[in-house]
$ cat coords15.tsv   # TSV, C-alpha atoms and all ligand atoms
chain	number	residue	atom	x	y	z
A	29	MET	CA	0.00	0.00	0.00
A	30	SER	CA	1.28	3.46	-0.87
A	31	LEU	CA	2.00	5.73	2.06
A	32	LEU	CA	3.34	8.50	-0.10
A	33	GLU	CA	2.80	9.44	-3.70
A	34	LEU	CA	4.42	12.40	-5.39
A	35	LYS	CA	2.62	13.00	-8.66
A	36	ASN	CA	4.42	15.19	-11.18
A	37	ILE	CA	5.64	17.70	-8.64
A	38	SER	CA	7.71	20.73	-9.53
A	39	LYS	CA	9.15	23.42	-7.30
A	40	ILE	CA	10.00	26.52	-9.24
A	41	TYR	CA	12.06	29.48	-8.02
A	42	GLY	CA	12.04	32.09	-10.81
A	43	GLU	CA	14.11	30.51	-13.59
A	44	LEU	CA	15.21	27.57	-11.48
A	45	LYS	CA	13.34	24.30	-11.24
A	46	ALA	CA	14.53	22.86	-7.92
A	47	LEU	CA	12.19	19.93	-8.66
A	48	ASP	CA	11.13	19.27	-12.23
A	49	ASN	CA	8.18	16.93	-12.73
A	50	VAL	CA	9.10	14.37	-10.09
A	51	SER	CA	6.93	11.30	-9.53
A	52	VAL	CA	7.79	8.94	-6.70
A	53	HIS	CA	5.87	6.46	-4.63
A	54	VAL	CA	6.82	4.99	-1.27
A	55	ASP	CA	5.00	2.04	0.25
A	56	GLN	CA	3.93	1.80	3.85
A	57	GLY	CA	6.84	0.30	5.80
A	58	GLU	CA	9.41	0.84	3.06
A	59	TRP	CA	12.96	2.13	3.65
A	60	VAL	CA	14.07	4.42	0.84
A	61	ALA	CA	17.29	6.36	0.34
A	62	ILE	CA	17.51	9.56	-1.72
A	63	MET	CA	20.85	10.40	-3.29
A	64	GLY	CA	22.07	12.98	-5.78
A	65	PRO	CA	24.58	15.80	-6.14
A	66	SER	CA	24.38	18.99	-4.08
A	67	GLY	CA	21.60	21.19	-5.42
A	68	SER	CA	19.73	18.32	-7.09
A	69	GLY	CA	16.56	18.98	-5.06
A	70	LYS	CA	16.79	16.45	-2.22
A	71	SER	CA	16.04	18.84	0.65
A	72	THR	CA	13.38	20.60	-1.42
A	73	MET	CA	11.64	17.24	-1.87
A	74	MET	CA	11.97	16.37	1.82
A	75	ASN	CA	10.54	19.74	2.85
A	76	ILE	CA	7.51	19.09	0.67
A	77	ILE	CA	7.00	15.55	2.00
A	78	GLY	CA	7.49	16.86	5.53
A	79	CYS	CA	4.64	19.37	5.13
A	80	MET	CA	6.99	22.34	5.49
A	81	ASP	CA	6.68	23.52	1.93
A	82	LYS	CA	4.31	23.10	-0.99
A	83	PRO	CA	5.10	22.21	-4.60
A	84	SER	CA	4.51	24.80	-7.32
A	85	LEU	CA	2.84	22.09	-9.40
A	86	GLY	CA	1.65	18.55	-8.80
A	87	GLU	CA	0.09	16.50	-6.04
A	88	VAL	CA	1.48	15.00	-2.86
A	89	LEU	CA	-0.62	12.20	-1.41
A	90	LEU	CA	0.24	11.17	2.14
A	91	ASP	CA	-2.01	8.40	3.42
A	92	GLY	CA	-4.32	9.27	0.52
A	93	VAL	CA	-4.66	12.95	1.52
A	94	ASP	CA	-3.42	15.56	-0.97
A	95	ILE	CA	-1.22	17.62	1.32
A	96	SER	CA	-0.40	20.11	-1.44
A	97	LYS	CA	-3.96	21.44	-0.99
A	98	GLU	CA	-4.10	21.55	2.82
A	99	SER	CA	-3.98	24.70	4.97
A	100	SER	CA	-0.83	25.39	6.94
A	101	ARG	CA	-2.69	24.57	10.13
A	102	ALA	CA	-3.72	21.16	8.79
A	103	LEU	CA	-0.14	20.57	7.64
A	104	THR	CA	1.16	21.31	11.13
A	105	ASN	CA	-1.21	18.69	12.52
A	106	ILE	CA	-0.24	16.08	9.93
A	107	ARG	CA	3.43	16.70	10.64
A	108	ARG	CA	2.92	16.43	14.38
A	109	ASP	CA	0.86	13.25	14.20
A	110	LYS	CA	2.64	11.26	11.53
A	111	ILE	CA	6.14	12.49	10.82
A	112	GLY	CA	9.48	12.46	12.60
A	113	LEU	CA	11.97	14.90	11.09
A	114	ILE	CA	15.74	14.84	11.17
A	115	PHE	CA	16.90	18.04	9.48
A	116	GLN	CA	20.09	18.77	7.59
A	117	GLN	CA	20.40	21.89	9.78
A	118	PHE	CA	19.57	20.66	13.23
A	119	HIS	CA	16.98	23.26	14.27
A	120	MET	CA	17.45	22.80	18.00
A	121	VAL	CA	16.20	25.45	20.42
A	122	ASN	CA	19.50	26.95	21.52
A	123	TYR	CA	18.48	28.00	25.03
A	124	LEU	CA	17.11	24.54	25.92
A	125	THR	CA	19.16	21.50	26.90
A	126	ALA	CA	19.28	18.28	24.88
A	127	VAL	CA	16.59	16.59	26.96
A	128	GLU	CA	14.41	19.72	26.93
A	129	ASN	CA	14.65	19.89	23.15
A	130	ILE	CA	13.20	16.39	23.03
A	131	MET	CA	10.52	17.29	25.55
A	132	VAL	CA	9.37	20.19	23.36
A	133	SER	CA	8.60	17.66	20.66
A	134	GLN	CA	6.65	15.54	23.17
A	135	TYR	CA	4.78	18.66	24.32
A	136	TYR	CA	3.57	19.52	20.83
A	137	HIS	CA	2.52	15.93	20.25
A	138	SER	CA	0.97	14.97	23.58
A	139	MET	CA	2.74	15.35	26.91
A	140	PRO	CA	6.36	15.90	27.99
A	141	ASP	CA	7.84	12.91	29.78
A	142	GLU	CA	11.41	13.44	30.96
A	143	LYS	CA	12.05	9.77	31.71
A	144	GLU	CA	11.09	8.76	28.18
A	145	ALA	CA	13.11	11.65	26.72
A	146	LEU	CA	16.17	10.49	28.68
A	147	GLU	CA	15.65	6.95	27.41
A	148	ALA	CA	15.61	8.27	23.85
A	149	LEU	CA	18.94	9.99	24.51
A	150	GLU	CA	20.26	6.75	25.93
A	151	ARG	CA	19.36	4.99	22.66
A	152	VAL	CA	21.63	7.38	20.75
A	153	GLY	CA	24.42	7.11	23.33
A	154	LEU	CA	23.91	10.57	24.84
A	155	ARG	CA	22.45	10.00	28.30
A	156	ASP	CA	25.41	11.84	29.85
A	157	ARG	CA	24.88	14.91	27.62
A	158	ALA	CA	21.18	15.33	28.50
A	159	HIS	CA	21.62	18.61	30.37
A	160	HIS	CA	23.95	20.29	27.90
A	161	LEU	CA	22.88	23.15	25.65
A	162	PRO	CA	23.27	22.73	21.88
A	163	SER	CA	26.26	25.12	21.98
A	164	GLN	CA	27.95	22.70	24.40
A	165	LEU	CA	27.45	19.72	22.09
A	166	SER	CA	29.54	18.68	19.09
A	167	GLY	CA	27.93	18.59	15.64
A	168	GLY	CA	27.64	14.81	15.82
A	169	GLU	CA	26.07	14.97	19.28
A	170	GLN	CA	23.53	17.55	18.13
A	171	GLN	CA	22.71	15.34	15.18
A	172	ARG	CA	22.06	12.39	17.48
A	173	VAL	CA	19.82	14.52	19.71
A	174	CYS	CA	17.84	15.29	16.56
A	175	VAL	CA	17.54	11.57	15.82
A	176	ALA	CA	16.23	10.98	19.36
A	177	ARG	CA	13.80	13.89	18.97
A	178	ALA	CA	12.47	12.47	15.71
A	179	LEU	CA	11.78	9.06	17.26
A	180	ILE	CA	10.22	10.19	20.49
A	181	ASN	CA	6.59	10.30	19.32
A	182	HIS	CA	6.73	7.00	17.38
A	183	PRO	CA	5.96	8.54	13.97
A	184	GLU	CA	4.80	6.33	11.11
A	185	LEU	CA	7.13	8.17	8.72
A	186	ILE	CA	10.70	9.25	9.45
A	187	LEU	CA	12.24	11.82	7.14
A	188	ALA	CA	15.97	12.20	7.60
A	189	ASP	CA	18.09	14.67	5.64
A	190	GLU	CA	21.75	13.63	5.94
A	191	PRO	CA	21.26	12.07	9.39
A	192	THR	CA	24.81	10.73	9.49
A	193	GLY	CA	26.57	13.63	7.77
A	194	ASN	CA	28.41	14.65	10.94
A	195	LEU	CA	28.94	11.23	12.47
A	196	ASP	CA	31.96	8.98	12.76
A	197	GLU	CA	31.61	5.29	11.99
A	198	THR	CA	30.59	4.24	15.52
A	199	ASN	CA	27.81	6.81	15.69
A	200	GLU	CA	26.74	6.21	12.12
A	201	ASN	CA	26.24	2.58	13.13
A	202	ILE	CA	24.18	3.62	16.16
A	203	VAL	CA	21.86	5.54	13.85
A	204	LEU	CA	21.71	2.77	11.23
A	205	ASN	CA	20.86	0.22	13.91
A	206	LEU	CA	18.06	2.45	15.16
A	207	PHE	CA	16.72	2.81	11.62
A	208	SER	CA	17.00	-0.92	11.08
A	209	GLN	CA	15.00	-1.62	14.23
A	210	LEU	CA	12.37	1.01	13.40
A	211	HIS	CA	11.98	-0.45	9.94
A	212	LYS	CA	11.50	-3.90	11.41
A	213	GLU	CA	8.77	-2.44	13.63
A	214	GLY	CA	6.97	-1.11	10.55
A	215	THR	CA	8.12	2.51	10.38
A	216	THR	CA	8.53	4.00	6.90
A	217	LEU	CA	11.92	5.67	6.41
A	218	ILE	CA	13.06	8.16	3.79
A	219	VAL	CA	16.72	9.04	4.18
A	220	VAL	CA	18.72	11.56	2.16
A	221	THR	CA	22.40	10.73	2.10
A	222	HIS	CA	25.66	11.29	0.24
A	223	ASP	CA	27.08	8.14	1.85
A	224	PRO	CA	26.78	4.94	-0.25
A	225	GLU	CA	26.90	2.80	2.90
A	226	VAL	CA	23.89	4.58	4.36
A	227	ALA	CA	22.05	4.23	1.05
A	228	GLU	CA	22.85	0.52	0.95
A	229	ALA	CA	21.11	0.06	4.28
A	230	ALA	CA	17.84	0.96	2.52
A	231	GLN	CA	15.66	-1.25	0.30
A	232	ARG	CA	15.66	1.16	-2.62
A	233	THR	CA	17.60	4.24	-3.69
A	234	ILE	CA	16.11	7.08	-5.71
A	235	VAL	CA	18.74	9.24	-7.42
A	236	LEU	CA	17.91	12.87	-8.18
A	237	GLU	CA	19.81	14.94	-10.73
A	238	HIS	CA	18.91	18.51	-11.68
A	239	GLY	CA	15.55	18.22	-9.95
A	240	ARG	CA	14.56	15.04	-11.77
A	241	VAL	CA	14.54	11.36	-10.89
A	242	ALA	CA	17.61	10.09	-12.76
A	243	ARG	CA	17.18	6.46	-11.71
A	244	GLU	CA	15.96	4.10	-9.02
A	245	VAL	CA	17.99	1.17	-7.74
A	246	ILE	CA	16.55	-1.76	-5.79
A	247	ASN	CA	18.93	-3.04	-3.13
A	248	GLU	CA	18.93	-6.79	-3.72
A	249	GLY	CA	21.24	-7.28	-0.73
A	250	PHE	CA	18.86	-5.71	1.79
A	251	ILE	CA	18.75	-7.60	5.08
A	252	GLU	CA	15.84	-7.05	7.48
A	253	GLY	CA	16.99	-6.25	11.01
A	254	ARG	CA	20.65	-6.06	10.00
A	255	GLN	CA	23.06	-5.06	12.78
A	256	TYR	CA	25.82	-2.56	12.07
A	257	VAL	CA	28.94	-2.96	14.18
A	301	LIG	N1	14.15	29.23	-1.23
A	301	LIG	C1	14.85	29.06	-2.35
A	301	LIG	N2	14.94	30.03	-3.27
A	301	LIG	C2	15.63	29.87	-4.42
A	301	LIG	N3	16.32	28.74	-4.73
A	301	LIG	C3	16.27	27.74	-3.86
A	301	LIG	C4	15.56	27.84	-2.63
A	301	LIG	N4	15.69	26.66	-1.95
A	301	LIG	C5	16.48	25.88	-2.73
A	301	LIG	N5	16.82	26.52	-3.87
A	301	LIG	C6	17.64	25.98	-4.96
A	301	LIG	O1	17.07	24.74	-5.35
A	301	LIG	C7	18.06	23.80	-5.69
A	301	LIG	C8	17.86	22.53	-4.89
A	301	LIG	O2	18.18	22.80	-3.53
A	301	LIG	P1	18.15	21.68	-2.42
A	301	LIG	O3	18.39	22.34	-1.12
A	301	LIG	O4	16.90	20.90	-2.56
A	301	LIG	O5	19.41	20.78	-2.85
A	301	LIG	P2	19.98	19.45	-2.17
A	301	LIG	O6	19.90	18.37	-3.17
A	301	LIG	O7	19.34	19.25	-0.86
A	301	LIG	O8	21.53	19.83	-1.98
A	301	LIG	P3	22.57	19.48	-0.77
A	301	LIG	O9	23.08	18.10	-1.07
A	301	LIG	O10	23.64	20.53	-0.94
A	301	LIG	O11	21.85	19.60	0.52
A	301	LIG	C9	19.40	24.49	-5.45
A	301	LIG	O12	19.90	24.96	-6.68
A	301	LIG	C10	19.04	25.64	-4.53
A	301	LIG	O13	19.93	26.71	-4.69
A	302	MG	MG	20.02	19.34	1.11

$ encode --input "coords15.tsv" --output "structure tokens"
Amino acid sequence: MSLLELKNISKIYGELKALDNVSVHVDQGEWVAIMGPSGSGKSTMMNIIGCMDKPSLGEVLLDGVDISKESSRALTNIRRDKIGLIFQQFHMVNYLTAVENIMVSQYYHSMPDEKEALEALERVGLRDRAHHLPSQLSGGEQQRVCVARALINHPELILADEPTGNLDETNENIVLNLFSQLHKEGTTLIVVTHDPEVAEAAQRTIVLEHGRVAREVINEGFIEGRQYV
């Protein structure tokens, strides 16, 4: 069953087509990687799927609802209820600690729960950094806080834009293991990456070039529940 369908979407900025007639479908429970050179439209596409932006042309069906036609209020609700976001730029609240940043996400969804927020930090290996401000965390640590924040409300769809871009191998493996487990539990994952190893963890890779789908590659070697060490 399709969770997401992009139907002939374009995003046009003046002369530039950041996305140019892109059609993509993602099944419920699928793990998809998005690759492509810098400027090829990956973040633009993720922002549209994540209900933070609208296409200039085309339809975006999420769970059968055309989100390109929804009001910004409705989009906020859809995002809150269904989607966990890991941004390329972290977007942490800079005067709140790591654990508080996660609790903000719980607050907007339902109710803050510090114990659960601390457990989420534990899962990304950051329990001992819980009370640090973003400015006191390394880039890789901030990125892992963002992963914990995206998982906290058990979203059905995780959108991750370069979630391992700042991570060393050990921490990249922590994130891939989390993704692998979430996928096994039925979560749909869409992951933008420049890293072939991160793409190979997914079931399928969609390659964008100049705002168009250049090709799609099925990962025949995909292993459900694979452990990265
Ligand atoms: N708000 C905007 N106004 C004008 N042009 C934009 C805007 N946002 C993005 N673009 C342009 O759209 C194109 C696609 O940008 P996008 O951020 O989607 O690329 P990307 O594939 O995510 O690249 P990267 O790998 O560097 O993150 C780029 O040429 C960019 O300059
Ligand atoms: Mg980008």

$ residues_near_point --input "coords15.tsv" --point "(-0.5, 10.7, -2.2)" --cutoff "9 Å" --atoms "all atoms listed in the file" --output "VMD selection string"
chain A and resid 30 to 35 53 87 to 95

$ write_last_selection --input "coords15.tsv" --atoms "C-alpha atoms" --output "PDB file, in the frame of the given file"
ATOM      1  CA  SER A  30       1.280   3.460  -0.870  1.00  0.00           C
ATOM      2  CA  LEU A  31       2.000   5.730   2.060  1.00  0.00           C
ATOM      3  CA  LEU A  32       3.340   8.500  -0.100  1.00  0.00           C
ATOM      4  CA  GLU A  33       2.800   9.440  -3.700  1.00  0.00           C
ATOM      5  CA  LEU A  34       4.420  12.400  -5.390  1.00  0.00           C
ATOM      6  CA  LYS A  35       2.620  13.000  -8.660  1.00  0.00           C
ATOM      7  CA  HIS A  53       5.870   6.460  -4.630  1.00  0.00           C
ATOM      8  CA  GLU A  87       0.090  16.500  -6.040  1.00  0.00           C
ATOM      9  CA  VAL A  88       1.480  15.000  -2.860  1.00  0.00           C
ATOM     10  CA  LEU A  89      -0.620  12.200  -1.410  1.00  0.00           C
ATOM     11  CA  LEU A  90       0.240  11.170   2.140  1.00  0.00           C
ATOM     12  CA  ASP A  91      -2.010   8.400   3.420  1.00  0.00           C
ATOM     13  CA  GLY A  92      -4.320   9.270   0.520  1.00  0.00           C
ATOM     14  CA  VAL A  93      -4.660  12.950   1.520  1.00  0.00           C
ATOM     15  CA  ASP A  94      -3.420  15.560  -0.970  1.00  0.00           C
ATOM     16  CA  ILE A  95      -1.220  17.620   1.320  1.00  0.00           C
TER      17      ILE A  95
END

$ closest_residue --input "coords15.tsv" --among "A:Ile62, A:Ile251, A:Met139, A:Met29" --to "ligand LIG 301 (chain A)" --atoms "all atoms listed in the file"
A:Ile62

$ atom_distance --input "coords15.tsv" --atom1 "CA of Asn122 in chain A" --atom2 "CA of His137 in chain A"
20.3 Å

$ closest_atom_pairs --input "coords15.tsv" --of "chain A" --to "ligand MG 302 (chain A)" --cutoff "8 Å" --atoms "all atoms listed in the file" --output "Markdown table"
| residue | atom | partner | partner_atom | distance |
| --- | --- | --- | --- | --- |
| A:Ser66 | CA | A:MG302 | MG | 6.8 |
| A:Gly67 | CA | A:MG302 | MG | 7.0 |
| A:Gly69 | CA | A:MG302 | MG | 7.1 |
| A:Lys70 | CA | A:MG302 | MG | 5.5 |
| A:Ser71 | CA | A:MG302 | MG | 4.0 |
| A:Thr72 | CA | A:MG302 | MG | 7.2 |
| A:Gln116 | CA | A:MG302 | MG | 6.5 |
| A:Asp189 | CA | A:MG302 | MG | 6.8 |
| A:Glu190 | CA | A:MG302 | MG | 7.7 |
| A:Val220 | CA | A:MG302 | MG | 8.0 |

$ axis_aligned_box --input "coords15.tsv" --around "ligand LIG 301 (chain A)" --padding-each-side "8 Å" --output "AutoDock Vina command-line options"
--center_x 18.9 --center_y 24.1 --center_z -3.1 --size_x 25.5 --size_y 27.9 --size_z 23.2

$ closest_residue --input "coords15.tsv" --among "A:Leu146, A:Ile106, A:Val127, A:Ala227" --to "His160 in chain A" --atoms "all atoms listed in the file"
A:Val127

$ atom_distance --input "coords15.tsv" --atom1 "CA of Glu213 in chain A" --atom2 "CA of His182 in chain A"
10.4 Å

$ atom_distance --input "coords15.tsv" --atom1 "CA of Val152 in chain A" --atom2 "CA of Phe118 in chain A"
15.4 Å

$ closest_residue --input "coords15.tsv" --among "A:Leu165, A:Leu187, A:Val203, A:Ala126" --to "Met73 in chain A" --atoms "all atoms listed in the file"
A:Leu187

$ residues_around --input "coords15.tsv" --residues "Arg254 in chain A" --least-positions-apart "2" --cutoff "8 Å" --atoms "all atoms listed in the file" --output "PyMOL selection string"
chain A and resi 205+208+251-252+256

$ residues_around --input "coords15.tsv" --residues "Thr215 in chain A" --least-positions-apart "3" --cutoff "9 Å" --atoms "all atoms listed in the file" --output "PyMOL selection string"
chain A and resi 56-59+182-186+207+209-212

$ closest_residue --input "coords15.tsv" --among "A:Val173, A:Ile130, A:Ala46, A:Leu217" --to "ligand LIG 301 (chain A)" --atoms "all atoms listed in the file"
A:Ala46

$ closest_residue --input "coords15.tsv" --among "A:Leu206, A:Leu44, A:Ala230, A:Val52" --to "ligand LIG 301 (chain A)" --atoms "only C-alpha atoms and all ligand atoms"
A:Leu44

$ closest_residue --input "coords15.tsv" --among "A:Glu144, A:Glu228, A:Glu244, A:Asp48" --to "Leu179 in chain A" --atoms "all atoms listed in the file"
A:Glu144

$ residues_around --input "coords15.tsv" --residues "Ala229 in chain A" --least-positions-apart "3" --cutoff "7 Å" --atoms "only C-alpha atoms" --output "PDB file with C-alpha atoms, keeping the file's coordinate frame"
ATOM      1  CA  GLU A 225      26.900   2.800   2.900  1.00  0.00           C
ATOM      2  CA  VAL A 226      23.890   4.580   4.360  1.00  0.00           C
ATOM      3  CA  PHE A 250      18.860  -5.710   1.790  1.00  0.00           C
TER       4      PHE A 250
END

$ decode --input "coords15.tsv" --residues "range 205-216 of chain A" --atoms "all heavy atoms" --output "compact mmCIF listing (two decimals), in the first residue's frame"
# COMPACT_ATOMS: atom_id res chain seq x y z
N ASN A 205 21.52 1.27 13.13
CA ASN A 205 20.86 0.22 13.91
C ASN A 205 19.48 0.66 14.39
O ASN A 205 18.53 -0.13 14.38
CB ASN A 205 21.73 -0.19 15.11
CG ASN A 205 22.89 -1.07 14.68
OD1 ASN A 205 22.77 -1.83 13.71
ND2 ASN A 205 24.01 -0.98 15.37
N LEU A 206 19.38 1.93 14.77
CA LEU A 206 18.06 2.45 15.16
C LEU A 206 17.09 2.40 13.98
O LEU A 206 15.95 1.97 14.12
CB LEU A 206 18.19 3.90 15.63
CG LEU A 206 18.51 4.13 17.09
CD1 LEU A 206 18.80 5.61 17.32
CD2 LEU A 206 17.35 3.69 17.96
N PHE A 207 17.57 2.83 12.82
CA PHE A 207 16.72 2.81 11.62
C PHE A 207 16.30 1.37 11.30
O PHE A 207 15.14 1.12 10.96
CB PHE A 207 17.47 3.40 10.42
CG PHE A 207 17.58 4.91 10.43
CD1 PHE A 207 18.28 5.58 9.44
CD2 PHE A 207 16.98 5.66 11.43
CE1 PHE A 207 18.38 6.96 9.43
CE2 PHE A 207 17.08 7.05 11.44
CZ PHE A 207 17.78 7.70 10.44
N SER A 208 17.26 0.47 11.40
CA SER A 208 17.00 -0.92 11.08
C SER A 208 15.91 -1.49 11.99
O SER A 208 14.98 -2.18 11.55
CB SER A 208 18.32 -1.69 11.24
OG SER A 208 18.19 -3.01 10.84
N GLN A 209 16.00 -1.15 13.26
CA GLN A 209 15.00 -1.62 14.23
C GLN A 209 13.64 -0.99 13.97
O GLN A 209 12.60 -1.67 14.00
CB GLN A 209 15.50 -1.26 15.63
CG GLN A 209 14.70 -1.94 16.72
CD GLN A 209 15.15 -1.46 18.09
OE1 GLN A 209 16.29 -1.00 18.27
NE2 GLN A 209 14.25 -1.54 19.06
N LEU A 210 13.65 0.32 13.68
CA LEU A 210 12.37 1.01 13.40
C LEU A 210 11.71 0.43 12.16
O LEU A 210 10.50 0.24 12.12
CB LEU A 210 12.62 2.50 13.19
CG LEU A 210 12.99 3.27 14.44
CD1 LEU A 210 13.59 4.62 14.07
CD2 LEU A 210 11.76 3.47 15.32
N HIS A 211 12.53 0.13 11.17
CA HIS A 211 11.98 -0.45 9.94
C HIS A 211 11.34 -1.81 10.22
O HIS A 211 10.25 -2.11 9.75
CB HIS A 211 13.08 -0.59 8.89
CG HIS A 211 12.57 -1.22 7.64
ND1 HIS A 211 12.76 -2.54 7.36
CD2 HIS A 211 11.82 -0.72 6.63
CE1 HIS A 211 12.17 -2.82 6.21
NE2 HIS A 211 11.59 -1.74 5.75
N LYS A 212 12.02 -2.59 11.05
CA LYS A 212 11.50 -3.90 11.41
C LYS A 212 10.15 -3.77 12.14
O LYS A 212 9.27 -4.62 12.00
CB LYS A 212 12.53 -4.57 12.34
CG LYS A 212 12.56 -6.07 12.24
CD LYS A 212 13.74 -6.58 13.03
CE LYS A 212 13.46 -7.97 13.56
NZ LYS A 212 14.55 -8.43 14.42
N GLU A 213 10.03 -2.67 12.89
CA GLU A 213 8.77 -2.44 13.63
C GLU A 213 7.68 -1.84 12.74
O GLU A 213 6.58 -1.57 13.21
CB GLU A 213 9.04 -1.49 14.81
CG GLU A 213 9.90 -2.11 15.90
CD GLU A 213 10.48 -1.07 16.87
OE1 GLU A 213 10.12 0.12 16.78
OE2 GLU A 213 11.30 -1.48 17.71
N GLY A 214 8.00 -1.57 11.47
CA GLY A 214 6.97 -1.11 10.55
C GLY A 214 7.03 0.35 10.18
O GLY A 214 6.19 0.84 9.41
N THR A 215 8.00 1.09 10.71
CA THR A 215 8.12 2.51 10.38
C THR A 215 8.60 2.68 8.93
O THR A 215 9.45 1.91 8.48
CB THR A 215 9.14 3.19 11.32
OG1 THR A 215 8.82 2.86 12.66
CG2 THR A 215 9.17 4.69 11.16
N THR A 216 8.05 3.66 8.24
CA THR A 216 8.53 4.00 6.90
C THR A 216 9.66 5.02 7.05
O THR A 216 9.55 5.96 7.83
CB THR A 216 7.38 4.62 6.07
OG1 THR A 216 6.25 3.74 6.13
CG2 THR A 216 7.79 4.84 4.63
